[in-house]
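K.L.:
Below you'll find target.tsv; it's TSV, C-alpha atoms.
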chain	number	residue	atom	x	y	z
W	188	MET	CA	71.42	109.22	124.68
W	189	GLU	CA	73.71	106.44	123.48
W	190	TYR	CA	74.27	108.24	120.18
W	191	ALA	CA	75.28	111.47	121.93
W	192	LYS	CA	77.62	109.56	124.23
W	193	ASP	CA	79.24	107.87	121.24
W	194	ILE	CA	79.84	111.23	119.60
W	195	VAL	CA	81.31	112.78	122.74
W	196	LEU	CA	83.55	109.80	123.46
W	197	GLU	CA	84.37	109.37	119.74
W	198	VAL	CA	83.34	105.73	119.68
W	199	LYS	CA	82.83	104.06	116.32
W	200	ASP	CA	81.67	100.44	116.04
W	201	GLY	CA	82.43	99.83	119.72
W	202	GLN	CA	86.03	101.06	119.52
W	203	ALA	CA	87.42	104.47	120.39
W	204	VAL	CA	88.90	106.50	117.57
W	205	ASN	CA	92.09	108.47	118.25
W	206	ASN	CA	91.66	111.44	115.90
W	207	LYS	CA	93.17	113.88	118.37
W	208	LYS	CA	96.62	112.29	118.19
W	209	GLN	CA	97.17	112.79	114.49
W	210	ASN	CA	100.63	113.28	113.19
W	211	LEU	CA	101.69	116.88	112.51
W	212	PHE	CA	102.47	116.02	108.89
W	213	ILE	CA	98.97	114.60	108.38
W	214	LYS	CA	97.39	117.79	109.74
W	215	PHE	CA	99.68	119.89	107.56
W	216	GLY	CA	98.82	117.81	104.48
W	217	LYS	CA	95.09	118.15	105.12
W	218	GLY	CA	95.48	121.90	105.55
W	219	MET	CA	97.36	122.12	102.26
W	220	ALA	CA	94.68	120.08	100.51
W	221	ASN	CA	91.95	122.38	101.82
W	222	HIS	CA	93.77	125.58	100.85
W	223	LYS	CA	95.29	124.81	97.45
W	224	MET	CA	95.38	128.40	96.17
W	225	LEU	CA	97.05	129.74	99.31
W	226	THR	CA	99.56	126.89	99.23
W	227	THR	CA	100.37	127.61	95.58
W	228	VAL	CA	100.88	131.33	96.25
W	229	ILE	CA	103.11	130.70	99.27
W	230	THR	CA	105.16	128.08	97.40
W	231	ALA	CA	105.63	130.38	94.40
W	232	THR	CA	106.60	133.30	96.65
W	233	ILE	CA	109.21	131.27	98.51
W	234	SER	CA	110.58	129.91	95.22
W	235	PHE	CA	110.88	133.40	93.73
W	236	ILE	CA	112.60	134.68	96.88
W	237	ILE	CA	115.16	131.86	96.72
W	238	ILE	CA	115.79	132.42	93.00
W	239	ASP	CA	116.15	136.16	93.59
W	240	LEU	CA	118.68	135.62	96.38
W	241	LEU	CA	120.70	133.24	94.20
W	242	LEU	CA	120.75	135.72	91.31
W	243	ILE	CA	121.75	138.61	93.58
W	244	SER	CA	124.57	136.61	95.18
W	245	SER	CA	125.80	135.54	91.75
W	246	PHE	CA	125.75	139.15	90.55
W	247	VAL	CA	127.68	140.29	93.62
W	248	ASN	CA	130.28	137.57	93.01
W	249	VAL	CA	130.69	138.74	89.42
W	250	LEU	CA	131.11	142.34	90.59
W	251	MET	CA	133.73	141.35	93.16
W	252	LYS	CA	135.83	139.64	90.47
W	253	ILE	CA	136.03	142.82	88.41
Could you take the file, read its structure, and then write that structure out as structure tokens?

P.N.:
Amino acid sequence: MEYAKDIVLEVKDGQAVNNKKQNLFIKFGKGMANHKMLTTVITATISFIIIDLLLISSFVNVLMKI
């Protein structure tokens, strides 16, 4: 009974643990660590989109100068 109560109340070594109030960045970092492949694909996609937009805008600027 004491063990179950400790789990429900999240008590460890006589002190309560505040895992529910984690920082948003810590949760995000843990999620990225658990899903490395998905994080890599999303990062690469966003990078390629940014590079593509920069190249298109540069090309449009060159065309406007002609």

K.L.:
For Thr226 in chain W, list every protein, DNA or RNA residue within 12 Å, evaluated using all atoms listed in the file, and leave out those in the same chain fewer than 6 positions away; present the list as a ChimeraX atom specification.

P.N.:
/W:215-220,232-233

K.L.:
In Å, how far is it from CA of Thr230 in chain W to CA of Ser245 in chain W?

P.N.:
22.7 Å

K.L.:
Can you measure CA of Leu225 in chain W to CA of Leu241 in chain W for me? One decimal in Å is fine.

P.N.:
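Computed distance, CA of Leu225 in chain W to CA of Leu241 in chain W, equals 24.4 Å.
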
K.L.:
Could you state the separation of CA of Lys214 in chain W and CA of Ser234 in chain W in Å, given to one decimal place?

P.N.:
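Calculated distance between CA of Lys214 in chain W and CA of Ser234 in chain W is 23.1 Å.
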